[in-house]
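start.txt follows; it contains compact mmCIF, C-alpha atoms.
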# COMPACT_ATOMS: atom_id res chain seq x y z
CA MET A 1 89.47 52.71 85.12
CA GLN A 2 92.65 54.56 86.02
CA SER A 3 90.89 57.92 85.75
CA ILE A 4 88.07 56.63 87.95
CA ALA A 5 90.62 55.42 90.50
CA ARG A 6 92.35 58.81 90.49
CA LEU A 7 89.00 60.53 90.92
CA GLY A 8 88.19 58.22 93.82
CA ARG A 9 91.47 59.04 95.56
CA SER A 10 91.05 62.79 95.08
CA GLY A 11 87.43 62.57 96.20
CA ALA A 12 88.49 60.75 99.36
CA ALA A 13 91.08 63.43 100.07
CA PHE A 14 88.52 66.17 99.50
CA GLY A 15 86.07 64.37 101.78
CA ARG A 16 88.70 64.20 104.50
CA PHE A 17 89.08 67.97 104.49
CA GLN A 18 85.32 68.45 104.33
CA GLN A 19 84.67 66.33 107.41
CA LYS A 20 82.07 67.90 109.66
CA ARG A 21 83.35 69.92 112.59
CA THR A 22 80.75 69.14 115.22
CA THR A 23 81.01 72.34 117.21
CA THR A 24 80.35 76.08 116.98
CA ILE A 25 83.08 78.71 117.38
CA LEU A 26 82.26 82.39 116.86
CA CYS A 27 84.52 85.45 116.85
CA VAL A 28 83.13 89.00 116.82
CA ARG A 29 85.13 92.23 116.71
CA LYS A 30 83.36 95.50 117.44
CA GLY A 31 84.89 98.76 118.61
CA ASP A 32 88.04 98.12 120.65
CA LYS A 33 86.98 94.65 121.80
CA VAL A 34 87.25 91.21 120.21
CA VAL A 35 85.33 88.28 121.71
CA ILE A 36 85.62 84.58 120.89
CA MET A 37 83.04 82.08 122.08
CA GLY A 38 82.58 78.32 121.71
CA ASP A 39 80.23 75.60 122.87
CA ARG A 40 81.48 72.75 125.09
CA GLN A 41 79.99 69.61 123.54
CA VAL A 42 82.06 66.70 122.22
CA THR A 43 80.30 64.18 119.99
CA LEU A 44 81.25 60.73 118.73
CA GLY A 45 80.01 60.49 115.17
CA ASP A 46 76.50 61.78 114.57
CA LYS A 47 74.72 59.99 117.40
CA TYR A 48 76.51 60.18 120.75
CA VAL A 49 77.56 62.95 123.11
CA ALA A 50 80.89 62.00 124.65
CA LYS A 51 81.23 65.06 126.89
CA ALA A 52 79.28 68.25 127.48
CA SER A 53 81.88 70.35 129.33
CA THR A 54 85.08 70.47 127.29
CA LYS A 55 87.01 73.65 126.51
CA LYS A 56 87.63 74.58 122.88
CA LEU A 57 89.29 77.94 123.48
CA ARG A 58 92.96 78.47 124.24
CA ARG A 59 95.48 81.29 124.31
CA ALA A 60 98.78 81.41 122.46
CA GLY A 61 100.75 83.49 124.93
CA ASP A 62 98.80 86.32 126.54
CA SER A 63 97.82 88.25 123.43
CA VAL A 64 96.34 85.73 120.94
CA LEU A 65 92.97 84.03 121.32
CA CYS A 66 92.44 80.64 119.65
CA GLY A 67 89.30 78.59 119.06
CA PHE A 68 89.29 75.23 117.28
CA ALA A 69 86.84 72.84 115.67
CA GLY A 70 87.65 69.26 114.76
CA SER A 71 89.80 66.60 116.33
CA THR A 72 91.19 67.66 119.72
CA ALA A 73 94.60 66.03 119.24
CA ASP A 74 95.00 67.60 115.80
CA ALA A 75 93.93 71.00 117.12
CA MET A 76 96.47 70.83 119.98
CA THR A 77 99.21 69.97 117.47
CA LEU A 78 98.25 72.98 115.36
CA LEU A 79 98.23 75.27 118.39
CA GLU A 80 101.73 74.16 119.31
CA LYS A 81 102.84 74.86 115.74
CA LEU A 82 101.18 78.28 115.88
CA GLU A 83 102.94 79.16 119.13
CA ALA A 84 106.25 78.22 117.50
CA LYS A 85 105.48 80.47 114.52
CA LEU A 86 104.53 83.34 116.82
CA THR A 87 107.84 82.93 118.63
CA GLU A 88 109.61 83.01 115.26
CA PHE A 89 107.62 86.06 114.09
CA PRO A 90 106.74 88.00 117.24
CA GLY A 91 104.00 90.59 116.86
CA GLN A 92 103.17 89.39 113.32
CA LEU A 93 100.02 87.29 113.61
CA LEU A 94 99.22 87.30 109.89
CA ARG A 95 102.76 86.25 108.93
CA ALA A 96 102.74 83.47 111.54
CA CYS A 97 99.37 82.16 110.29
CA VAL A 98 100.46 82.18 106.65
CA GLU A 99 103.62 80.25 107.53
CA LEU A 100 101.54 77.76 109.53
CA ALA A 101 99.14 77.28 106.60
CA LYS A 102 102.07 76.72 104.23
CA GLU A 103 103.57 74.09 106.51
CA TRP A 104 100.17 72.52 107.16
CA ARG A 105 99.51 72.22 103.44
CA GLY A 106 103.03 71.21 102.39
CA ASP A 107 104.07 68.72 105.07
CA LYS A 108 102.82 65.18 104.40
CA SER A 109 102.32 64.35 108.07
CA MET A 110 100.59 67.65 108.91
CA ARG A 111 98.34 67.28 105.87
CA GLN A 112 96.43 64.59 107.76
CA LEU A 113 95.50 66.96 110.62
CA ASN A 114 91.75 67.43 110.75
CA ALA A 115 90.83 70.74 112.40
CA SER A 116 90.09 74.40 111.74
CA LEU A 117 91.27 77.37 113.78
CA ILE A 118 90.14 80.92 114.50
CA VAL A 119 92.86 83.15 115.94
CA ALA A 120 92.62 86.78 117.00
CA ASN A 121 94.69 89.44 118.70
CA ASP A 122 93.73 92.99 119.62
CA SER A 123 93.91 94.20 116.01
CA GLU A 124 93.09 91.34 113.58
CA SER A 125 91.11 88.10 113.32
CA LEU A 126 91.94 85.14 111.03
CA GLU A 127 90.59 81.71 110.11
CA ILE A 128 93.00 78.91 109.13
CA ASP A 129 92.02 75.59 107.56
CA GLY A 130 93.78 72.54 106.15
CA LEU A 131 93.33 73.64 102.54
CA GLY A 132 95.97 76.36 102.87
CA ASN A 133 93.46 79.17 103.38
CA VAL A 134 94.05 82.09 105.75
CA ILE A 135 90.77 83.99 105.76
CA THR A 136 90.18 87.49 107.09
CA PRO A 137 86.66 88.59 108.07
CA GLU A 138 84.44 91.00 106.18
CA GLU A 139 84.17 94.59 107.35
CA ASP A 140 81.71 93.50 110.03
CA GLY A 141 84.51 91.62 111.84
CA VAL A 142 82.67 88.27 112.18
CA LEU A 143 84.23 84.80 111.79
CA ALA A 144 82.78 81.39 112.61
CA ILE A 145 83.65 77.71 112.11
CA GLY A 146 82.09 74.35 112.90
CA SER A 147 78.77 72.70 112.20
CA GLY A 148 76.88 75.65 113.67
CA GLY A 149 79.29 78.24 112.34
CA LEU A 150 77.14 79.47 109.45
CA LEU A 151 74.13 79.87 111.76
CA ALA A 152 76.14 81.82 114.33
CA LYS A 153 77.78 83.96 111.63
CA ALA A 154 74.44 84.85 110.04
CA ALA A 155 72.98 85.84 113.42
CA ALA A 156 76.04 87.90 114.37
CA ARG A 157 76.06 89.77 111.06
CA ALA A 158 72.42 90.67 111.59
CA LEU A 159 73.14 92.03 115.08
CA VAL A 160 76.49 93.73 114.60
CA ASP A 161 75.07 97.06 113.40
CA ILE A 162 72.66 97.44 116.31
CA GLU A 163 73.68 100.33 118.54
CA GLY A 164 74.06 99.49 122.20
CA MET A 165 75.15 95.87 121.60
CA ASP A 166 78.84 95.29 122.20
CA ALA A 167 80.86 92.33 120.88
CA GLU A 168 80.11 90.13 123.89
CA ALA A 169 76.35 90.72 123.74
CA ILE A 170 76.36 89.93 120.00
CA CYS A 171 78.34 86.74 120.61
CA ARG A 172 76.01 85.51 123.35
CA LYS A 173 72.83 86.16 121.40
CA SER A 174 74.21 84.65 118.18
CA MET A 175 75.49 81.53 119.94
CA THR A 176 72.12 81.07 121.64
CA ILE A 177 70.40 81.17 118.25
CA ALA A 178 72.92 78.86 116.54
CA THR A 179 73.09 76.20 119.25
CA SER A 180 69.32 76.07 119.54
CA ILE A 181 69.26 74.87 115.91
CA ASP A 182 72.50 72.88 115.55
CA VAL A 183 72.19 69.49 117.26
CA MET A 184 75.98 69.04 117.34
CA SER A 185 76.46 71.99 119.72
CA ASN A 186 75.13 72.59 123.20
CA ASN A 187 74.12 75.77 125.03
CA ASP A 188 77.00 75.68 127.50
CA TYR A 189 79.73 78.11 126.43
CA ASN A 190 83.28 79.26 127.04
CA ILE A 191 84.13 82.87 126.30
CA ASP A 192 87.34 84.91 126.11
CA PHE A 193 88.10 88.44 124.95
CA LEU A 194 90.79 91.05 124.36
CA GLU A 195 90.56 94.83 124.38
CA LYS A 196 92.68 97.08 122.21
CA LYS A 197 95.35 99.05 124.04
CA ASN A 198 96.52 102.59 123.41
CA ASP A 199 100.08 103.66 122.60
CA ASP A 200 101.05 103.56 126.29
CA GLY A 201 100.12 99.88 126.51
CA LYS A 202 97.09 100.64 128.66
CA LYS A 203 93.42 100.11 127.91
CA ASP A 204 91.62 103.15 126.69
CA LYS A 205 89.58 104.76 129.43
CA GLU A 206 86.65 107.09 129.17
CA PRO A 207 87.38 110.65 130.28
CA GLU A 208 86.38 111.35 133.85
CA THR A 209 83.33 113.52 134.38
CA ARG A 210 83.87 116.01 137.16
CA VAL A 211 80.94 117.63 138.96
CA GLU A 212 81.78 121.13 140.06
CA PRO A 213 80.18 122.32 143.34
CA LYS A 214 77.39 124.85 142.94
CA ILE A 215 77.99 128.31 144.41
CA THR A 216 74.83 130.21 145.37
CA GLU A 217 75.26 133.97 145.41
CA THR A 218 73.25 136.01 147.89
CA PRO A 219 71.37 138.93 146.30
CA ALA A 220 72.55 142.37 147.34
CA SER A 221 69.10 143.33 148.71
CA GLU A 222 68.96 140.29 150.96
CA SER A 223 72.51 140.87 152.11
CA THR A 224 71.75 144.53 153.00
CA GLY A 225 68.61 143.59 154.87
CA SER A 226 70.42 140.94 156.83
CA THR A 227 73.16 143.39 157.81
CA ALA A 228 70.66 145.96 159.02
CA THR A 229 68.89 143.32 161.10
CA ASP A 230 72.17 142.18 162.61
CA LYS A 231 73.07 145.75 163.58
CA LYS A 232 69.67 146.27 165.21
CA THR A 233 70.05 143.04 167.21
CA LYS A 234 73.49 144.11 168.43
CA ASN A 235 72.21 147.52 169.47
CA ASP A 236 69.31 145.95 171.39
CA LYS A 237 71.70 143.64 173.20
CA LYS A 238 73.98 146.53 174.04
CA ALA A 239 71.08 148.64 175.38
CA GLY A 240 69.82 145.73 177.43
CA GLY A 241 73.27 145.16 178.81
CA ASP A 242 73.57 148.80 179.90
CA ILE A 243 70.22 148.63 181.74
CA TYR A 244 71.29 145.44 183.53
CA ASP A 245 74.54 147.03 184.60
CA ARG A 246 72.74 150.06 186.00
CA ILE A 247 70.33 147.87 187.97
CA VAL A 248 73.19 145.88 189.49
CA MET A 249 75.09 149.01 190.45
CA CYS A 250 72.04 150.44 192.24
If you took the structure in this file and wrote it as structure tokens, what would it be?
Amino acid sequence: MQSIARLGRSGAAFGRFQQKRTTTILCVRKGDKVVIMGDRQVTLGDKYVAKASTKKLRRAGDSVLCGFAGSTADAMTLLEKLEAKLTEFPGQLLRACVELAKEWRGDKSMRQLNASLIVANDSESLEIDGLGNVITPEEDGVLAIGSGGLLAKAAARALVDIEGMDAEAICRKSMTIATSIDVMSNNDYNIDFLEKKNDDGKKDKEPETRVEPKITETPASESTGSTATDKKTKNDKKAGGDIYDRIVMC
């Protein structure tokens, strides 16, 4: 009986962490741009839509994008903790996330927080959950969480290698596919993005294309003919002028 009781307690704890996140958050990194996108629906249980226009994306400072799935109050608490870690370890997103995961897993009060996070800056993307995991994406640069996360991730991974589709286009198409299947997410989205900067702190720009003016050269034969014609015209005018002067004088 004691072993069954222990199993029941551990199963309850596992079930708490495995609670459904009724939302879809997708993060795609391609080229020098990272885009994070989330739906706006809030549900109560499995039956009711409480709100269809909430915002599930935030920024930690100006350089870190955050998207959350799960309880709103718990997610806001985790974002505040993340901002504190980023202040403690400036410019070290991975270190800050690992420290947050350690505190989240080790602190008894924080262990009850029910949410998952995706965070990204201009160079790396990470997923953090309540089990102490800090997950980096595969080489394709795609992360997703929530009830529709696997659907959105599968769609994004299928589209990421298509030439001509940037990170935002991939996000929009993948979210459209996922939310058309997942009943816990709607087709109203929030989107945010960052672009990688160069060493000068400025966004990379494409080199300017200059159009040089065309210079048309006149062939020597045409030039000679034109000069001869001009001389003949001047001589005719001069002869005509002399005749006019003689007539006037007479």
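Interatomic distance, atom CA of Asp161 of chain A against atom CA of Gly141 of chain A: 11.0 Å.
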Between A:Ser147, A:Gly61, A:Lys196, A:Ala73, which has the minimum distance to Lys85 of chain A (counting only C-alpha atoms)?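 Result for the nearest residue to Lys85 of chain A: A:Gly61.
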re atom CA of Ala158 of chain A and atom CA of Lys173 of chain A: distance 10.8 Å
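One finds atom CA of Val34 of chain A at 15.7 Å from atom CA of Gly164 of chain A.
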In the coordinates of the file, take the point (97.7, 67.0, 107.9) and a cut-off of 12 Å; then, counting all atoms listed in the file, name each qualifying protein, DNA or RNA residue as a PyMOL selection string. chain A and resi 13+16-17+71+73-75+77-78+100-116+129-132
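Remark: for Glu80 of chain A, the closest of the candidate residues A:Arg40, A:Arg172, A:Lys33, A:Arg59 is A:Arg59 (distances computed over all atoms listed in the file).
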Shell around Thr54 of chain A at 10 Å using all atoms listed in the file, local window under 5 positions removed, as a PDB file with C-alpha atoms, keeping the file's coordinate frame:
ATOM      1  CA  GLY A  38      82.580  78.320 121.710  1.00  0.00           C
ATOM      2  CA  ASP A  39      80.230  75.600 122.870  1.00  0.00           C
ATOM      3  CA  ARG A  40      81.480  72.750 125.090  1.00  0.00           C
ATOM      4  CA  GLN A  41      79.990  69.610 123.540  1.00  0.00           C
ATOM      5  CA  VAL A  42      82.060  66.700 122.220  1.00  0.00           C
ATOM      6  CA  ASP A 188      77.000  75.680 127.500  1.00  0.00           C
ATOM      7  CA  TYR A 189      79.730  78.110 126.430  1.00  0.00           C
ATOM      8  CA  ASN A 190      83.280  79.260 127.040  1.00  0.00           C
TER       9      ASN A 190
END
When distances are computed from only C-alpha atoms, which of A:Gln92, A:Asn186, A:Thr24, A:Thr43 shows the smallest separation from Lys153 of chain A?
->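 Residue with the minimum atom-to-atom distance to Lys153 of chain A: A:Thr24.
Nearest to Val183 of chain A of all the residues A:Gly148, A:Leu57, A:Cys97, A:Asp166 is A:Gly148, counting only C-alpha atoms.
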Using all atoms listed in the file, the shortest atom-to-atom distance to Cys171 of chain A among A:Leu79, A:Cys27, A:Glu139, A:Ala52 belongs to A:Cys27
Could you add whatever atoms are missing so that segment 139-150 of chain A carries all heavy atoms, then write the result as a compact mmCIF listing (two decimals), in the frame of the given file?
# COMPACT_ATOMS: atom_id res chain seq x y z
N GLU A 139 84.07 93.35 106.58
CA GLU A 139 84.17 94.59 107.35
C GLU A 139 83.42 94.54 108.67
O GLU A 139 83.71 95.30 109.59
CB GLU A 139 83.64 95.76 106.50
CG GLU A 139 84.49 96.07 105.28
CD GLU A 139 83.94 97.23 104.48
OE1 GLU A 139 82.88 97.77 104.88
OE2 GLU A 139 84.57 97.60 103.47
N ASP A 140 82.46 93.61 108.78
CA ASP A 140 81.71 93.50 110.03
C ASP A 140 82.50 92.81 111.14
O ASP A 140 82.07 92.80 112.29
CB ASP A 140 80.38 92.78 109.81
CG ASP A 140 80.55 91.43 109.12
OD1 ASP A 140 81.62 90.83 109.23
OD2 ASP A 140 79.60 90.99 108.46
N GLY A 141 83.65 92.20 110.82
CA GLY A 141 84.51 91.62 111.84
C GLY A 141 84.02 90.31 112.43
O GLY A 141 84.37 89.98 113.57
N VAL A 142 83.25 89.52 111.67
CA VAL A 142 82.67 88.27 112.18
C VAL A 142 83.31 87.07 111.49
O VAL A 142 83.42 87.03 110.26
CB VAL A 142 81.15 88.24 111.98
CG1 VAL A 142 80.55 86.92 112.47
CG2 VAL A 142 80.49 89.42 112.68
N LEU A 143 83.74 86.08 112.29
CA LEU A 143 84.23 84.80 111.79
C LEU A 143 83.57 83.68 112.57
O LEU A 143 83.28 83.84 113.76
CB LEU A 143 85.75 84.70 111.95
CG LEU A 143 86.64 85.50 110.99
CD1 LEU A 143 88.10 85.36 111.42
CD2 LEU A 143 86.48 85.02 109.55
N ALA A 144 83.36 82.53 111.92
CA ALA A 144 82.78 81.39 112.61
C ALA A 144 83.19 80.11 111.90
O ALA A 144 83.37 80.09 110.68
CB ALA A 144 81.26 81.50 112.66
N ILE A 145 83.33 79.02 112.66
CA ILE A 145 83.65 77.71 112.11
C ILE A 145 82.81 76.66 112.84
O ILE A 145 82.21 76.93 113.88
CB ILE A 145 85.15 77.38 112.26
CG1 ILE A 145 85.60 77.49 113.74
CG2 ILE A 145 86.01 78.24 111.37
CD1 ILE A 145 87.05 77.07 113.96
N GLY A 146 82.80 75.46 112.28
CA GLY A 146 82.09 74.35 112.90
C GLY A 146 80.73 74.11 112.27
O GLY A 146 80.30 74.84 111.37
N SER A 147 80.06 73.07 112.77
CA SER A 147 78.77 72.70 112.20
C SER A 147 77.71 73.78 112.37
O SER A 147 76.83 73.93 111.54
CB SER A 147 78.29 71.39 112.85
OG SER A 147 78.22 71.54 114.26
N GLY A 148 77.81 74.55 113.45
CA GLY A 148 76.88 75.65 113.67
C GLY A 148 77.45 77.00 113.31
O GLY A 148 76.86 78.04 113.62
N GLY A 149 78.60 76.99 112.63
CA GLY A 149 79.29 78.24 112.34
C GLY A 149 78.51 79.18 111.43
O GLY A 149 78.44 80.38 111.67
N LEU A 150 77.89 78.62 110.38
CA LEU A 150 77.14 79.47 109.45
C LEU A 150 75.92 80.09 110.14
O LEU A 150 75.56 81.24 109.87
CB LEU A 150 76.70 78.66 108.23
CG LEU A 150 77.82 78.24 107.27
CD1 LEU A 150 77.24 77.39 106.13
CD2 LEU A 150 78.54 79.45 106.70
